[in-house]
Amino acid sequence: MSAELLTLFMFGGLLVGLFMGHPLAFVLGGVAVIGAWLGPGPRVLGTIINNIYGNAMDNYVLVAIPLFVLMARFLNDSGVTERMFDTMRLLLANLRGGLALTVVIVSVLLAATTGIVGASIAVMGMIALAPMLKYGYNKELSAGVIMASGCLGILIPPSIMLILMASYSPVSVGALFAGALVPGLLLGALYALYVLVICYIKPAYGPPVPPEERADTSTGELLIMLAKYVVPPMGLILGVLGALFTGVATATEASAIGVAIAFLLFMIFGDRKPSTCYRTLIDAGKTTTMVMLVLVGATAFTGVFSRGGGMTVIHELVMAMPGGTTGALILMLFLVFLLGMFLDWTGIVLLSFPIMLPIVADMGVDVLWFVVMVAVVLQTSFLTPPFGYALFYLKGVAPKGVEIVDLYKAVIPFCALIALACVLMAFFPPLVTGLPSLLLGY
């Protein structure tokens, strides 16, 4: 089979398998095995197995993934999230759109401490959506801000997506964490600004909390709540990122520091039951296993694809784009956006990086800048139908009256804001490269 036909078969088979409802990891592995027989020959499978065990499974950076997942689970099960939301809600009670703004702020804090999109959206959906609708907030604004802000968990460091990206690129984890921090905060600021502007233009979209409810909590009590429920998560963020950026710890060691702090918060704020701790460990193990299985399947897929000549086909296609380097970059980012409609971020990273990063390097483009651009574009992978996971996470916990059509409408302005962030990063590259240069001399 020619390289062109093999390329069409492998990506076509991938889409067919996903539309049939099969798990991504097994679709990737299955298509790789069939592609090996049709393309370079079955002998290539031995090389692929060696690559899986010798490179993918022997990558020390990946040890940070189960530790960061465990950190996220401990923090999520500590119950501090709900208390933090209630504190910020009272703090911003007098603002139009204060509840929606609280969702953005708390989600940014959760993104920097948990990094698990499903957990952030589910928690915020359960504790924020019903009160927002109760106080008369616009349905689309309420749902949209919860889903978009919850997706920041894969962008704002520490993030398991960034760790996986670093392991498949020449960029270090520290440089990628520093490079993604400003774009992540920029997106959070754009979401907050959108909430303030839309609620100023249309006051009915986000009325303030009734004064009598705010009056029940004194300023002194509110300050105590801030110290108890907002400062500890901030300490977790500073502990992990501070150890990493100052060079005290590697990414793996910093993740272990995060687990220790998160476990301490669990012991302080959680129920401390052995059964809860056991469930936390099991959930963390399931998430880690899912990521690793996808990694194995994707390594096999890209290995067969490369040996069959698919990399050359894609390289020639991208370089033939009109507009030179700019046109090629736009095409690659647009392909990431399209893949996000059908795959989760794990599959997209593991499929696209071995193909795209060599092309980016050949064009003389800063790889760190491109990787962060991909990370920002991947925000849409959770929001865009038909397989936008954020839509299903929120629908699963939403109260009656919130339909899937409402969620589709809700994500439109936030996808536009993500596109705006990409434009700003394209015109102002120091938004990505400035912090790594300042902190790490990148």
# chains A, B, ... in the order shown; residues from 1 in each chain; ligands from 1
$ residues_around --residues "region 142-149 of chain A" --least-positions-apart "2" --cutoff "8 Å" --atoms "only C-alpha atoms" --output "PDB file with N, CA, C and O atoms, in the first residue's frame"
ATOM      1  N   ALA A 100     -20.987  34.507  38.452  1.00  0.00           N
ATOM      2  CA  ALA A 100     -20.250  34.016  37.286  1.00  0.00           C
ATOM      3  C   ALA A 100     -18.771  34.350  37.418  1.00  0.00           C
ATOM      4  O   ALA A 100     -17.904  33.545  37.055  1.00  0.00           O
ATOM      5  N   VAL A 103     -17.190  31.892  39.666  1.00  0.00           N
ATOM      6  CA  VAL A 103     -16.916  30.637  38.970  1.00  0.00           C
ATOM      7  C   VAL A 103     -15.570  30.708  38.254  1.00  0.00           C
ATOM      8  O   VAL A 103     -14.761  29.765  38.312  1.00  0.00           O
ATOM      9  N   VAL A 104     -15.296  31.842  37.584  1.00  0.00           N
ATOM     10  CA  VAL A 104     -14.035  31.990  36.858  1.00  0.00           C
ATOM     11  C   VAL A 104     -12.850  31.950  37.823  1.00  0.00           C
ATOM     12  O   VAL A 104     -11.870  31.219  37.612  1.00  0.00           O
ATOM     13  N   SER A 107     -12.428  28.537  39.430  1.00  0.00           N
ATOM     14  CA  SER A 107     -11.982  27.572  38.418  1.00  0.00           C
ATOM     15  C   SER A 107     -10.508  27.756  38.095  1.00  0.00           C
ATOM     16  O   SER A 107      -9.788  26.780  37.850  1.00  0.00           O
ATOM     17  N   VAL A 108     -10.033  29.009  38.082  1.00  0.00           N
ATOM     18  CA  VAL A 108      -8.598  29.255  37.861  1.00  0.00           C
ATOM     19  C   VAL A 108      -7.789  28.648  39.007  1.00  0.00           C
ATOM     20  O   VAL A 108      -6.749  28.019  38.787  1.00  0.00           O
ATOM     21  N   ILE A 121     -15.442  20.757  36.323  1.00  0.00           N
ATOM     22  CA  ILE A 121     -16.754  21.083  35.760  1.00  0.00           C
ATOM     23  C   ILE A 121     -17.870  20.441  36.568  1.00  0.00           C
ATOM     24  O   ILE A 121     -18.907  21.073  36.835  1.00  0.00           O
ATOM     25  N   MET A 124     -18.123  22.426  39.975  1.00  0.00           N
ATOM     26  CA  MET A 124     -18.697  23.753  39.781  1.00  0.00           C
ATOM     27  C   MET A 124     -20.135  23.666  39.279  1.00  0.00           C
ATOM     28  O   MET A 124     -20.971  24.508  39.618  1.00  0.00           O
ATOM     29  N   GLY A 125     -20.417  22.654  38.471  1.00  0.00           N
ATOM     30  CA  GLY A 125     -21.791  22.483  38.008  1.00  0.00           C
ATOM     31  C   GLY A 125     -22.748  22.177  39.140  1.00  0.00           C
ATOM     32  O   GLY A 125     -23.876  22.684  39.175  1.00  0.00           O
ATOM     33  N   LEU A 129     -24.216  26.054  39.396  1.00  0.00           N
ATOM     34  CA  LEU A 129     -25.230  26.246  38.353  1.00  0.00           C
ATOM     35  C   LEU A 129     -26.619  26.482  38.938  1.00  0.00           C
ATOM     36  O   LEU A 129     -27.318  27.419  38.519  1.00  0.00           O
ATOM     37  N   MET A 132     -26.950  29.985  40.482  1.00  0.00           N
ATOM     38  CA  MET A 132     -26.969  31.014  39.438  1.00  0.00           C
ATOM     39  C   MET A 132     -28.343  31.099  38.774  1.00  0.00           C
ATOM     40  O   MET A 132     -28.882  32.192  38.559  1.00  0.00           O
ATOM     41  N   LEU A 133     -28.918  29.950  38.471  1.00  0.00           N
ATOM     42  CA  LEU A 133     -30.259  29.949  37.872  1.00  0.00           C
ATOM     43  C   LEU A 133     -31.298  30.440  38.872  1.00  0.00           C
ATOM     44  O   LEU A 133     -32.242  31.142  38.513  1.00  0.00           O
ATOM     45  N   TYR A 137     -29.806  34.260  36.784  1.00  0.00           N
ATOM     46  CA  TYR A 137     -28.756  34.403  35.775  1.00  0.00           C
ATOM     47  C   TYR A 137     -29.197  33.808  34.445  1.00  0.00           C
ATOM     48  O   TYR A 137     -29.986  32.849  34.401  1.00  0.00           O
ATOM     49  N   ASN A 138     -28.663  34.373  33.361  1.00  0.00           N
ATOM     50  CA  ASN A 138     -28.921  33.840  32.030  1.00  0.00           C
ATOM     51  C   ASN A 138     -28.405  32.406  31.937  1.00  0.00           C
ATOM     52  O   ASN A 138     -27.287  32.101  32.366  1.00  0.00           O
ATOM     53  N   LYS A 139     -29.205  31.531  31.374  1.00  0.00           N
ATOM     54  CA  LYS A 139     -28.874  30.102  31.340  1.00  0.00           C
ATOM     55  C   LYS A 139     -27.597  29.829  30.541  1.00  0.00           C
ATOM     56  O   LYS A 139     -26.721  29.080  30.979  1.00  0.00           O
ATOM     57  N   GLU A 140     -27.484  30.445  29.344  1.00  0.00           N
ATOM     58  CA  GLU A 140     -26.314  30.198  28.509  1.00  0.00           C
ATOM     59  C   GLU A 140     -25.040  30.763  29.147  1.00  0.00           C
ATOM     60  O   GLU A 140     -23.978  30.129  29.099  1.00  0.00           O
ATOM     61  N   CYS A 151     -12.334  24.091  31.819  1.00  0.00           N
ATOM     62  CA  CYS A 151     -11.347  23.532  30.885  1.00  0.00           C
ATOM     63  C   CYS A 151      -9.954  24.103  31.093  1.00  0.00           C
ATOM     64  O   CYS A 151      -8.983  23.583  30.521  1.00  0.00           O
ATOM     65  N   LEU A 152      -9.824  25.168  31.869  1.00  0.00           N
ATOM     66  CA  LEU A 152      -8.503  25.740  32.125  1.00  0.00           C
ATOM     67  C   LEU A 152      -7.590  24.774  32.871  1.00  0.00           C
ATOM     68  O   LEU A 152      -6.381  24.983  32.944  1.00  0.00           O
ATOM     69  N   GLY A 188      -8.412  33.194  31.470  1.00  0.00           N
ATOM     70  CA  GLY A 188      -9.257  33.447  32.631  1.00  0.00           C
ATOM     71  C   GLY A 188      -9.673  34.905  32.710  1.00  0.00           C
ATOM     72  O   GLY A 188     -10.834  35.223  33.021  1.00  0.00           O
ATOM     73  N   TYR A 191     -12.349  35.612  30.096  1.00  0.00           N
ATOM     74  CA  TYR A 191     -13.654  35.113  30.538  1.00  0.00           C
ATOM     75  C   TYR A 191     -14.269  36.059  31.568  1.00  0.00           C
ATOM     76  O   TYR A 191     -15.470  36.371  31.516  1.00  0.00           O
ATOM     77  N   GLN A 379      -8.197  23.803  24.277  1.00  0.00           N
ATOM     78  CA  GLN A 379      -9.319  24.170  25.148  1.00  0.00           C
ATOM     79  C   GLN A 379     -10.648  23.889  24.456  1.00  0.00           C
ATOM     80  O   GLN A 379     -11.621  23.485  25.086  1.00  0.00           O
ATOM     81  N   LEU A 383     -15.111  21.674  24.353  1.00  0.00           N
ATOM     82  CA  LEU A 383     -16.305  22.508  24.213  1.00  0.00           C
ATOM     83  C   LEU A 383     -17.072  22.281  22.915  1.00  0.00           C
ATOM     84  O   LEU A 383     -18.255  22.623  22.830  1.00  0.00           O
ATOM     85  N   ALA A 390     -16.841  18.507  28.003  1.00  0.00           N
ATOM     86  CA  ALA A 390     -17.384  19.465  28.963  1.00  0.00           C
ATOM     87  C   ALA A 390     -18.906  19.538  28.861  1.00  0.00           C
ATOM     88  O   ALA A 390     -19.601  19.713  29.871  1.00  0.00           O
ATOM     89  N   LEU A 391     -19.431  19.385  27.652  1.00  0.00           N
ATOM     90  CA  LEU A 391     -20.881  19.407  27.445  1.00  0.00           C
ATOM     91  C   LEU A 391     -21.551  18.267  28.206  1.00  0.00           C
ATOM     92  O   LEU A 391     -22.592  18.458  28.849  1.00  0.00           O
ATOM     93  N   LEU A 394     -21.187  18.617  32.223  1.00  0.00           N
ATOM     94  CA  LEU A 394     -22.146  19.538  32.830  1.00  0.00           C
ATOM     95  C   LEU A 394     -23.573  19.029  32.689  1.00  0.00           C
ATOM     96  O   LEU A 394     -24.378  19.177  33.613  1.00  0.00           O
ATOM     97  N   LEU A 407     -26.459  24.100  26.074  1.00  0.00           N
ATOM     98  CA  LEU A 407     -25.016  23.995  26.278  1.00  0.00           C
ATOM     99  C   LEU A 407     -24.259  24.260  24.981  1.00  0.00           C
ATOM    100  O   LEU A 407     -23.179  24.872  25.003  1.00  0.00           O
ATOM    101  N   ALA A 410     -24.150  27.868  24.606  1.00  0.00           N
ATOM    102  CA  ALA A 410     -23.377  28.518  25.663  1.00  0.00           C
ATOM    103  C   ALA A 410     -21.893  28.605  25.343  1.00  0.00           C
ATOM    104  O   ALA A 410     -21.209  29.535  25.788  1.00  0.00           O
ATOM    105  N   VAL A 411     -21.364  27.637  24.578  1.00  0.00           N
ATOM    106  CA  VAL A 411     -19.911  27.606  24.365  1.00  0.00           C
ATOM    107  C   VAL A 411     -19.452  28.522  23.237  1.00  0.00           C
ATOM    108  O   VAL A 411     -18.255  28.796  23.121  1.00  0.00           O
ATOM    109  N   PHE A 414     -17.354  31.651  24.180  1.00  0.00           N
ATOM    110  CA  PHE A 414     -16.105  31.282  24.836  1.00  0.00           C
ATOM    111  C   PHE A 414     -15.115  30.675  23.837  1.00  0.00           C
ATOM    112  O   PHE A 414     -13.900  30.858  23.986  1.00  0.00           O
TER     113      PHE A 414
END
$ select_by_dssp --residues "region 82-209 of chain A" --states "helix (DSSP H, G or I)" --output "number ranges by chain"
A: 82-91, 98-111, 117-134, 139-154, 160-167, 173-201, 203-205
$ closest_residue --among "A:Leu417, A:Leu339, A:Leu38, A:Val171" --to "Leu378 (chain A)" --atoms "only C-alpha atoms"
A:Leu339
$ atom_distance --atom1 "CA of Ile268 (chain A)" --atom2 "CA of Gly239 (chain A)"
17.4 Å
$ closest_atom_pairs --of "region 243-291 of chain A" --to "region 63-69 of chain A" --cutoff "7 Å" --atoms "only C-alpha atoms" --output "CSV"
residue,atom,partner,partner_atom,distance
A:Ala251,CA,A:Ala64,CA,6.5
A:Thr252,CA,A:Ala64,CA,4.5
A:Ser255,CA,A:Phe68,CA,5.4
A:Ala256,CA,A:Leu67,CA,6.2
A:Val259,CA,A:Leu67,CA,6.5
A:Ala284,CA,A:Val69,CA,5.7
A:Thr288,CA,A:Pro66,CA,5.5
$ closest_atom_pairs --of "region 139-244 of chain A" --to "region 73-97 of chain A" --cutoff "7 Å" --atoms "only C-alpha atoms" --output "Markdown table"
| residue | atom | partner | partner_atom | distance |
| --- | --- | --- | --- | --- |
| A:Val195 | CA | A:Gly97 | CA | 6.3 |
| A:Leu196 | CA | A:Gly97 | CA | 6.3 |
| A:Cys199 | CA | A:Gly97 | CA | 5.8 |
| A:Pro203 | CA | A:Arg96 | CA | 6.9 |
| A:Gly206 | CA | A:Gly97 | CA | 4.1 |
| A:Pro207 | CA | A:Arg96 | CA | 5.2 |
| A:Pro208 | CA | A:Arg96 | CA | 4.9 |
| A:Val209 | CA | A:Ala93 | CA | 5.1 |
| A:Arg214 | CA | A:Leu90 | CA | 6.1 |
| A:Leu222 | CA | A:Thr87 | CA | 6.9 |
| A:Met225 | CA | A:Thr87 | CA | 6.1 |
| A:Leu226 | CA | A:Thr87 | CA | 6.4 |
| A:Tyr229 | CA | A:Met84 | CA | 5.1 |
| A:Val230 | CA | A:Met84 | CA | 5.7 |
$ write_last_selection --atoms "C-alpha atoms" --output "PDB file, in the first residue's frame"
ATOM      1  CA  VAL A 195     -18.819  38.318  32.225  1.00  0.00           C
ATOM      2  CA  LEU A 196     -18.431  41.886  33.484  1.00  0.00           C
ATOM      3  CA  CYS A 199     -23.668  41.819  32.656  1.00  0.00           C
ATOM      4  CA  PRO A 203     -28.024  43.607  33.775  1.00  0.00           C
ATOM      5  CA  GLY A 206     -26.250  38.485  36.125  1.00  0.00           C
ATOM      6  CA  PRO A 207     -28.092  40.215  38.993  1.00  0.00           C
ATOM      7  CA  PRO A 208     -26.189  40.657  42.294  1.00  0.00           C
ATOM      8  CA  VAL A 209     -26.796  38.455  45.336  1.00  0.00           C
ATOM      9  CA  ARG A 214     -24.554  39.126  52.225  1.00  0.00           C
ATOM     10  CA  LEU A 222     -15.441  36.769  55.607  1.00  0.00           C
ATOM     11  CA  MET A 225     -13.176  32.304  55.585  1.00  0.00           C
ATOM     12  CA  LEU A 226     -10.659  33.701  53.083  1.00  0.00           C
ATOM     13  CA  TYR A 229     -10.450  28.213  52.468  1.00  0.00           C
ATOM     14  CA  VAL A 230      -8.609  30.333  49.858  1.00  0.00           C
TER      15      VAL A 230
END
$ closest_atom_pairs --of "region 321-403 of chain A" --to "region 291-305 of chain A" --cutoff "8 Å" --atoms "only C-alpha atoms" --output "JSON lines"
{"residue": "A:Thr346", "atom": "CA", "partner": "A:Val294", "partner_atom": "CA", "distance": 7.0}
{"residue": "A:Gly347", "atom": "CA", "partner": "A:Val294", "partner_atom": "CA", "distance": 6.6}
{"residue": "A:Leu350", "atom": "CA", "partner": "A:Ala298", "partner_atom": "CA", "distance": 5.7}
{"residue": "A:Leu351", "atom": "CA", "partner": "A:Ala298", "partner_atom": "CA", "distance": 6.2}
{"residue": "A:Pro354", "atom": "CA", "partner": "A:Thr302", "partner_atom": "CA", "distance": 7.1}
$ write_last_selection --atoms "N, CA, C and O atoms" --output "PDB file, in the first residue's frame"
ATOM      1  N   THR A 346      -5.478  13.831  24.969  1.00  0.00           N
ATOM      2  CA  THR A 346      -4.400  12.842  25.026  1.00  0.00           C
ATOM      3  C   THR A 346      -4.090  12.295  23.640  1.00  0.00           C
ATOM      4  O   THR A 346      -2.929  12.267  23.198  1.00  0.00           O
ATOM      5  N   GLY A 347      -5.128  11.863  22.950  1.00  0.00           N
ATOM      6  CA  GLY A 347      -4.938  11.316  21.610  1.00  0.00           C
ATOM      7  C   GLY A 347      -4.397  12.343  20.636  1.00  0.00           C
ATOM      8  O   GLY A 347      -3.540  12.032  19.790  1.00  0.00           O
ATOM      9  N   LEU A 350      -0.595  12.977  21.336  1.00  0.00           N
ATOM     10  CA  LEU A 350       0.236  11.832  20.974  1.00  0.00           C
ATOM     11  C   LEU A 350       0.230  11.567  19.476  1.00  0.00           C
ATOM     12  O   LEU A 350       1.183  10.989  18.941  1.00  0.00           O
ATOM     13  N   LEU A 351      -0.840  11.973  18.784  1.00  0.00           N
ATOM     14  CA  LEU A 351      -0.894  11.795  17.338  1.00  0.00           C
ATOM     15  C   LEU A 351      -0.213  12.931  16.590  1.00  0.00           C
ATOM     16  O   LEU A 351       0.505  12.708  15.621  1.00  0.00           O
ATOM     17  N   PRO A 354       4.366  14.004  17.094  1.00  0.00           N
ATOM     18  CA  PRO A 354       5.419  13.374  16.269  1.00  0.00           C
ATOM     19  C   PRO A 354       5.371  13.811  14.808  1.00  0.00           C
ATOM     20  O   PRO A 354       6.385  13.750  14.106  1.00  0.00           O
TER      21      PRO A 354
END
$ closest_residue --among "A:Pro413, A:Gly308, A:Pro210, A:Pro157" --to "Val240 (chain A)" --atoms "only C-alpha atoms"
A:Pro157
